[in-house]
$ cat entry-v4.txt   # compact mmCIF, C-alpha atoms
# COMPACT_ATOMS: atom_id res chain seq x y z
CA MET A 30 14.14 7.09 -48.93
CA LYS A 31 16.06 6.64 -45.71
CA THR A 32 15.12 8.56 -42.60
CA PRO A 33 18.29 9.23 -40.60
CA GLY A 34 18.90 6.71 -37.82
CA PHE A 35 18.41 7.49 -34.16
CA ALA A 36 21.15 9.72 -32.74
CA LYS A 37 22.73 9.91 -36.20
CA SER A 38 21.29 13.18 -37.45
CA SER A 39 19.96 16.51 -36.26
CA SER A 40 17.61 16.87 -39.24
CA LEU A 41 13.94 17.72 -38.75
CA GLY A 42 13.18 14.00 -38.89
CA ARG A 43 14.77 13.79 -35.44
CA SER A 44 14.00 17.21 -33.96
CA ALA A 45 10.41 18.06 -34.95
CA VAL A 46 8.80 16.88 -31.74
CA GLY A 47 6.21 17.51 -29.05
CA THR A 48 3.37 19.70 -30.23
CA LEU A 49 4.46 19.49 -33.87
CA PHE A 50 2.35 16.40 -34.44
CA ALA A 51 -0.67 18.18 -32.98
CA ALA A 52 -1.25 21.72 -34.18
CA GLN A 53 1.61 22.14 -36.63
CA LEU A 54 1.19 19.01 -38.73
CA PHE A 55 -2.58 19.26 -38.85
CA VAL A 56 -2.42 22.93 -39.79
CA ALA A 57 0.15 22.19 -42.46
CA ALA A 58 -1.94 19.32 -43.79
CA PHE A 59 -5.24 21.16 -44.04
CA SER A 60 -4.54 24.86 -44.42
CA GLY A 61 -1.16 24.93 -46.06
CA SER A 62 0.31 27.11 -43.31
CA LEU A 63 3.43 26.01 -41.47
CA PHE A 64 5.19 26.83 -38.25
CA VAL A 65 7.76 24.53 -36.71
CA ASP A 66 9.31 24.47 -33.26
CA THR A 67 12.87 23.20 -33.61
CA ASN A 68 13.93 23.86 -30.03
CA GLN A 69 13.13 20.39 -28.75
CA ALA A 70 15.98 18.33 -27.35
CA GLU A 71 17.25 15.28 -29.15
CA ALA A 72 16.76 11.95 -27.43
CA GLU A 73 20.01 11.11 -25.70
CA THR A 74 19.63 7.54 -24.41
CA ALA A 75 22.41 5.37 -25.77
CA MET A 76 21.64 2.28 -27.80
CA PRO A 77 21.45 -0.72 -25.42
CA ALA A 78 24.74 -2.59 -25.00
CA ALA A 79 22.87 -5.86 -25.53
CA CYS A 80 22.33 -4.86 -29.17
CA ALA A 81 25.88 -5.96 -29.99
CA ASP A 82 25.00 -9.44 -28.75
CA LEU A 83 21.80 -9.42 -30.80
CA GLN A 84 23.71 -8.52 -33.96
CA ALA A 85 25.96 -11.50 -33.30
CA LYS A 86 22.94 -13.73 -32.66
CA TYR A 87 21.08 -12.54 -35.79
CA PRO A 88 23.88 -11.78 -38.28
CA PHE A 89 21.58 -12.19 -41.32
CA LEU A 90 20.17 -8.70 -40.66
CA LYS A 91 23.41 -6.76 -40.37
CA GLY A 92 24.04 -4.48 -43.33
CA LYS A 93 20.65 -5.22 -44.91
CA THR A 94 18.15 -2.61 -46.10
CA LEU A 95 14.57 -3.52 -45.24
CA VAL A 96 11.28 -1.98 -46.41
CA ASN A 97 8.77 -0.66 -43.88
CA ALA A 98 5.24 -0.27 -45.27
CA VAL A 99 3.59 2.79 -43.73
CA ASN A 100 0.46 4.87 -44.11
CA PRO A 101 2.03 8.31 -43.49
CA HIS A 102 -1.10 10.15 -42.39
CA THR A 103 -1.06 9.80 -38.60
CA PRO A 104 0.80 12.80 -37.14
CA GLY A 105 2.88 11.86 -34.14
CA TYR A 106 3.32 8.31 -35.43
CA GLU A 107 4.10 8.63 -39.14
CA SER A 108 3.44 11.58 -41.42
CA LEU A 109 5.11 13.60 -44.13
CA ASP A 110 7.58 16.16 -42.87
CA PRO A 111 5.92 19.54 -43.59
CA ASN A 112 9.37 21.04 -44.21
CA ASP A 113 10.43 18.25 -46.57
CA PRO A 114 7.65 16.04 -47.97
CA THR A 115 10.23 13.53 -49.20
CA LYS A 116 10.73 12.51 -45.56
CA ILE A 117 8.44 10.67 -43.16
CA ILE A 118 8.67 11.52 -39.46
CA GLY A 119 7.08 10.34 -36.22
CA PHE A 120 7.38 8.02 -33.26
CA ASP A 121 6.96 4.83 -35.31
CA ILE A 122 9.67 6.02 -37.67
CA ASP A 123 12.05 6.70 -34.78
CA LEU A 124 11.25 3.35 -33.20
CA GLY A 125 11.86 1.52 -36.47
CA GLU A 126 15.18 3.29 -36.90
CA ALA A 127 16.12 2.34 -33.33
CA LEU A 128 15.33 -1.30 -34.09
CA GLY A 129 17.50 -1.05 -37.19
CA ASP A 130 20.33 0.53 -35.24
CA CYS A 131 20.10 -2.24 -32.65
CA LEU A 132 20.11 -5.10 -35.17
CA GLY A 133 22.32 -3.46 -37.79
CA PHE A 134 19.86 -2.91 -40.66
CA ASP A 135 18.65 0.20 -42.49
CA LEU A 136 15.07 1.04 -43.43
CA THR A 137 13.39 2.46 -46.49
CA TYR A 138 9.70 3.31 -46.62
CA LYS A 139 6.85 2.30 -48.89
CA SER A 140 3.79 4.55 -48.55
CA VAL A 141 0.47 2.74 -49.00
CA THR A 142 -3.13 3.12 -47.86
CA PHE A 143 -3.89 1.73 -44.43
CA ALA A 144 -5.98 -1.08 -45.92
CA ALA A 145 -2.97 -2.14 -48.02
CA LEU A 146 -0.42 -2.37 -45.20
CA LEU A 147 -0.76 -6.10 -44.56
CA THR A 148 -1.36 -7.09 -48.20
CA THR A 149 1.85 -5.25 -49.10
CA LEU A 150 3.68 -7.30 -46.45
CA GLN A 151 2.07 -10.53 -47.64
CA ALA A 152 3.02 -9.79 -51.24
CA GLY A 153 6.69 -9.48 -50.26
CA GLN A 154 6.78 -5.80 -51.19
CA ALA A 155 7.68 -4.91 -47.59
CA ASP A 156 9.59 -6.67 -44.84
CA ILE A 157 7.90 -5.10 -41.83
CA VAL A 158 4.99 -2.82 -40.91
CA ILE A 159 5.47 -0.25 -38.14
CA SER A 160 2.55 2.08 -38.75
CA ASP A 161 0.22 2.47 -35.74
CA ILE A 162 -1.65 -0.70 -36.70
CA TYR A 163 -3.74 -2.40 -34.02
CA ALA A 164 -2.80 -6.03 -33.48
CA THR A 165 -5.88 -8.25 -33.66
CA VAL A 166 -6.29 -12.00 -33.97
CA ASP A 167 -8.11 -11.47 -37.26
CA ARG A 168 -5.27 -9.37 -38.68
CA ALA A 169 -2.83 -11.99 -37.41
CA LYS A 170 -4.12 -14.26 -40.18
CA ALA A 171 -2.01 -12.08 -42.46
CA ALA A 172 1.00 -11.36 -40.21
CA ASP A 173 2.49 -12.03 -36.80
CA PHE A 174 2.35 -9.05 -34.43
CA ILE A 175 4.70 -7.85 -31.70
CA THR A 176 2.98 -5.32 -29.46
CA TYR A 177 4.55 -2.13 -28.14
CA LEU A 178 1.72 0.29 -27.21
CA LYS A 179 -1.68 0.13 -25.55
CA VAL A 180 -4.69 1.53 -27.41
CA PHE A 181 -6.55 4.63 -26.21
CA ASP A 182 -9.11 6.05 -28.64
CA GLY A 183 -10.66 9.48 -28.71
CA VAL A 184 -14.10 10.41 -30.05
CA LEU A 185 -13.76 13.49 -32.24
CA VAL A 186 -16.87 15.64 -32.77
CA ALA A 187 -17.81 19.14 -33.89
CA LYS A 188 -17.44 21.90 -31.30
CA GLY A 189 -20.23 21.66 -28.76
CA ASN A 190 -20.90 18.00 -29.61
CA PRO A 191 -24.29 18.80 -31.21
CA LYS A 192 -25.24 15.12 -31.56
CA GLY A 193 -24.41 14.30 -27.93
CA ILE A 194 -22.05 11.43 -28.78
CA THR A 195 -20.57 9.80 -25.67
CA GLY A 196 -18.59 6.88 -27.09
CA ILE A 197 -19.02 3.78 -29.23
CA ASN A 198 -22.51 3.21 -27.91
CA THR A 199 -26.14 3.93 -28.78
CA SER A 200 -25.45 7.67 -28.64
CA MET A 201 -24.10 7.08 -32.15
CA CYS A 202 -27.48 5.86 -33.46
CA GLY A 203 -28.50 7.95 -36.43
CA THR A 204 -25.15 9.71 -36.68
CA VAL A 205 -22.53 9.64 -39.42
CA ALA A 206 -19.06 8.36 -38.52
CA ALA A 207 -16.03 9.01 -40.70
CA GLU A 208 -13.54 6.14 -40.39
CA ASN A 209 -10.46 4.80 -42.06
CA THR A 210 -10.91 1.78 -44.32
CA GLY A 211 -9.73 -1.31 -42.48
CA TYR A 212 -9.69 0.23 -39.00
CA VAL A 213 -10.94 -1.86 -36.05
CA GLU A 214 -13.38 0.89 -35.12
CA VAL A 215 -15.47 0.14 -38.21
CA PRO A 216 -16.89 -3.24 -37.05
CA LEU A 217 -17.36 -1.87 -33.52
CA ILE A 218 -19.58 0.89 -34.90
CA GLU A 219 -21.32 -1.49 -37.29
CA ALA A 220 -22.16 -3.76 -34.35
CA LEU A 221 -24.32 -1.00 -32.88
CA ALA A 222 -26.95 -1.53 -35.58
CA ALA A 223 -28.90 -4.17 -33.64
CA GLU A 224 -28.94 -2.09 -30.44
CA CYS A 225 -30.10 0.98 -32.35
CA GLU A 226 -32.82 -1.02 -34.07
CA ALA A 227 -34.05 -2.33 -30.72
CA LEU A 228 -34.41 1.27 -29.59
CA GLY A 229 -36.30 2.17 -32.74
CA LYS A 230 -33.43 4.33 -33.96
CA PRO A 231 -31.46 4.22 -37.23
CA ALA A 232 -28.06 2.54 -37.27
CA PRO A 233 -24.94 4.69 -37.52
CA GLU A 234 -23.84 5.47 -41.05
CA ILE A 235 -20.15 4.96 -41.80
CA GLN A 236 -18.20 6.93 -44.39
CA LEU A 237 -14.89 5.27 -45.30
CA TYR A 238 -11.75 7.23 -46.13
CA ASP A 239 -8.11 6.38 -46.78
CA ASN A 240 -6.48 8.57 -44.13
CA ASN A 241 -6.98 10.57 -40.95
CA ALA A 242 -6.87 13.92 -42.73
CA ASN A 243 -9.91 13.09 -44.85
CA CYS A 244 -11.84 11.80 -41.81
CA ILE A 245 -11.18 14.99 -39.89
CA GLN A 246 -12.07 17.09 -42.92
CA ALA A 247 -15.41 15.26 -43.11
CA ILE A 248 -16.33 16.63 -39.68
CA LEU A 249 -15.02 20.10 -40.47
CA SER A 250 -17.14 20.20 -43.62
CA GLY A 251 -20.26 18.85 -41.87
CA ARG A 252 -20.37 15.59 -43.83
CA ALA A 253 -19.77 13.50 -40.69
CA ASP A 254 -20.60 13.83 -37.00
CA THR A 255 -17.74 11.91 -35.43
CA TYR A 256 -14.41 10.19 -35.97
CA VAL A 257 -13.13 7.56 -33.52
CA ASN A 258 -9.40 6.91 -33.63
CA ASP A 259 -6.19 6.98 -31.60
CA VAL A 260 -6.56 9.56 -28.83
CA ASN A 261 -3.31 11.31 -29.78
CA THR A 262 -4.58 11.84 -33.32
CA VAL A 263 -7.88 13.17 -31.97
CA ASP A 264 -6.11 15.49 -29.51
CA GLY A 265 -3.92 16.75 -32.33
CA ALA A 266 -6.96 17.60 -34.45
CA VAL A 267 -8.56 19.48 -31.56
CA LYS A 268 -5.36 21.47 -30.99
CA ALA A 269 -5.24 22.31 -34.68
CA TYR A 270 -8.92 23.37 -34.84
CA PRO A 271 -9.90 24.39 -31.27
CA ASP A 272 -12.81 26.54 -32.47
CA GLN A 273 -14.31 23.81 -34.65
CA LEU A 274 -13.57 20.46 -33.02
CA GLU A 275 -13.55 18.84 -29.58
CA LYS A 276 -12.96 15.44 -28.02
CA ALA A 277 -16.25 14.12 -26.66
CA THR A 278 -14.58 11.40 -24.62
CA ALA A 279 -11.78 8.84 -24.59
CA VAL A 280 -12.39 5.11 -24.75
CA THR A 281 -10.17 2.13 -24.04
CA LEU A 282 -10.21 -0.55 -26.71
CA PRO A 283 -9.15 -4.16 -26.03
CA TYR A 284 -6.28 -3.97 -28.50
CA SER A 285 -2.59 -3.20 -28.67
CA VAL A 286 -0.53 -1.48 -31.34
CA GLY A 287 1.81 -3.96 -32.96
CA ILE A 288 4.70 -4.38 -35.36
CA ALA A 289 3.66 -6.72 -38.18
CA VAL A 290 6.16 -9.22 -39.59
CA PRO A 291 5.77 -12.11 -42.05
CA ARG A 292 4.25 -15.24 -40.52
CA ASP A 293 6.80 -17.57 -42.10
CA ASN A 294 9.96 -15.90 -40.77
CA LEU A 295 10.23 -16.84 -37.10
CA GLU A 296 13.90 -15.90 -36.81
CA PHE A 297 13.17 -12.36 -37.99
CA ARG A 298 10.20 -12.12 -35.63
CA ASP A 299 12.38 -13.28 -32.72
CA ALA A 300 15.07 -10.74 -33.61
CA ILE A 301 12.61 -7.83 -33.71
CA MET A 302 11.02 -8.89 -30.43
CA ALA A 303 14.42 -9.22 -28.74
CA ALA A 304 15.56 -5.80 -29.96
CA LEU A 305 12.29 -4.17 -28.92
CA THR A 306 12.62 -5.73 -25.46
CA GLU A 307 16.10 -4.26 -25.05
CA ILE A 308 14.97 -0.85 -26.35
CA GLN A 309 12.19 -0.80 -23.77
CA LYS A 310 14.46 -1.99 -20.94
CA SER A 311 16.94 0.78 -21.70
CA GLY A 312 14.27 3.47 -21.48
CA LEU A 313 14.75 4.43 -25.12
CA GLN A 314 11.16 3.75 -26.16
CA LEU A 315 9.83 5.90 -23.31
CA GLU A 316 12.18 8.69 -24.34
CA LEU A 317 10.97 8.52 -27.93
CA MET A 318 7.36 8.50 -26.71
CA ALA A 319 8.01 11.64 -24.69
CA LYS A 320 9.66 13.22 -27.73
CA TRP A 321 6.42 12.74 -29.68
CA ASN A 322 4.14 13.61 -26.76
CA LEU A 323 2.76 10.09 -26.27
CA PRO A 324 1.73 9.30 -22.67
CA ALA A 325 4.05 6.99 -20.75
CA GLU A 326 1.13 4.82 -19.65
CA GLN A 327 0.61 3.84 -23.28
CA LEU A 328 3.80 1.74 -23.18
CA GLU A 329 3.17 -2.00 -23.40
CA ALA A 330 5.71 -4.77 -22.92
CA PRO A 331 6.23 -6.82 -26.08
CA LYS A 332 3.93 -9.78 -26.53
CA LEU A 333 2.93 -11.83 -29.55
CA VAL A 334 -0.49 -11.64 -31.17
CA LEU A 335 -0.89 -14.64 -33.46
CA ALA A 336 -3.70 -16.21 -35.44
CA GLU A 337 -5.75 -18.76 -33.54
$ encode --input "entry-v4.txt" --output "C-alpha cells"
Amino acid sequence: MKTPGFAKSSSLGRSAVGTLFAAQLFVAAFSGSLFVDTNQAEAETAMPAACADLQAKYPFLKGKTLVNAVNPHTPGYESLDPNDPTKIIGFDIDLGEALGDCLGFDLTYKSVTFAALLTTLQAGQADIVISDIYATVDRAKAADFITYLKVFDGVLVAKGNPKGITGINTSMCGTVAAENTGYVEVPLIEALAAECEALGKPAPEIQLYDNNANCIQAILSGRADTYVNDVNTVDGAVKAYPDQLEKATAVTLPYSVGIAVPRDNLEFRDAIMAALTEIQKSGLQLELMAKWNLPAEQLEAPKLVLAE
C-alpha cells in the first residue's frame, strides 16, 4: 500500500490535517462517528534542489520500493485514514514520503505492534521505521537512529484529576497507569517503586496495551488512572473527550524521536540523514509539522543516536 508522495496527490492522505488528528480521529476510532475537515491547504514548499545531488550521490535508492514498519495508532503521526482504512496518514507518513521523493524511492507500509517495530527491522521485514519512536541508547542496540523531533509528554487523566497526579513522580504512587508495551515511559514509572515504598505507599501499577486507543479507553472505562505519552496524542484525546478527560500536566523527557535504520547499512543511514537535513533546511519539515498541528519548537536538527 503506497501513500501518495508529497505534492503528488490531493487525496485525504495529504489534506486531512490540523485538528483531524485530535478530535476527528479519536472520535472515529472510539465511537465510530466521523467528521472530516478537508479545507486545509496543501503544503506548498518545493522539494529541495539539493535532492537531485543526493540522488546522484546515492543512486542505489532511486527507483526502489522500501518498507516502512509503523504502528498506525498515533493520530497526527501515523493512523488509519477514517475515510479509507486501507491508507495510513499522518506527519510521519508525510515525512517519509518527502524523504522518498528527495532520494528517489517509494514506500510501502507494514503495520505491526509498537513492540515489534525494531524486531521487524532487524528481521529484514522492513527497511526503515518512521513511527514516532523515541531514540534511546538501549533501543540503538537494535537500530541506528536519526533524530528529527524533541519529546514532550502529556499526562492524561480523568476529568478533574481525581488522583491528583502531577507528573512521573510520587503522585503516581498507588495509581494505575495504562501504557504501551515497549514505551520508554514504562521503566520511568517502574522506577518510582522505591520512592513510593520509602513513603510507605504502594508502587504504581502498570497495565500494558498494544496501542494508544486501548490506553485511552482504559481511562475512559475507569480501569486506569493515567496515561503518559506524547503531548500531541494526549491533547488529541482531551479534544475528543473534553467532558471525560484532561491533561494534568506536560513533562519534558530526555529523549528525541528518531528514524530507525539497520545498523549494518551506513550508506543508507547517511543518505537518510542527508535528505532529512535538506528537508529541514528548506522549511519543508516545519510546514508538514504545521499541517499536522505539531508545535514548531518540537523540531530537532538531525543527530545520530547509536549504541554505546
$ residues_around --input "entry-v4.txt" --residues "A:Ser140" --least-positions-apart "2" --cutoff "8 Å" --atoms "only C-alpha atoms" --output "compact mmCIF listing (two decimals) with C-alpha atoms, in the frame of the given file"
# COMPACT_ATOMS: atom_id res chain seq x y z
CA ALA A 98 5.24 -0.27 -45.27
CA VAL A 99 3.59 2.79 -43.73
CA ASN A 100 0.46 4.87 -44.11
CA PRO A 101 2.03 8.31 -43.49
CA TYR A 138 9.70 3.31 -46.62
CA THR A 142 -3.13 3.12 -47.86
$ closest_residue --input "entry-v4.txt" --among "A:Lys230, A:Asn190, A:Met201, A:Leu150" --to "A:Asp173" --atoms "only C-alpha atoms"
A:Leu150
$ residues_near_point --input "entry-v4.txt" --point "(-9.3, 6.9, -48.0)" --cutoff "9 Å" --atoms "all atoms listed in the file" --output "JSON, numbers by chain"
{"A": [142, 143, 144, 208, 209, 210, 237, 238, 239, 240, 241, 243, 244]}
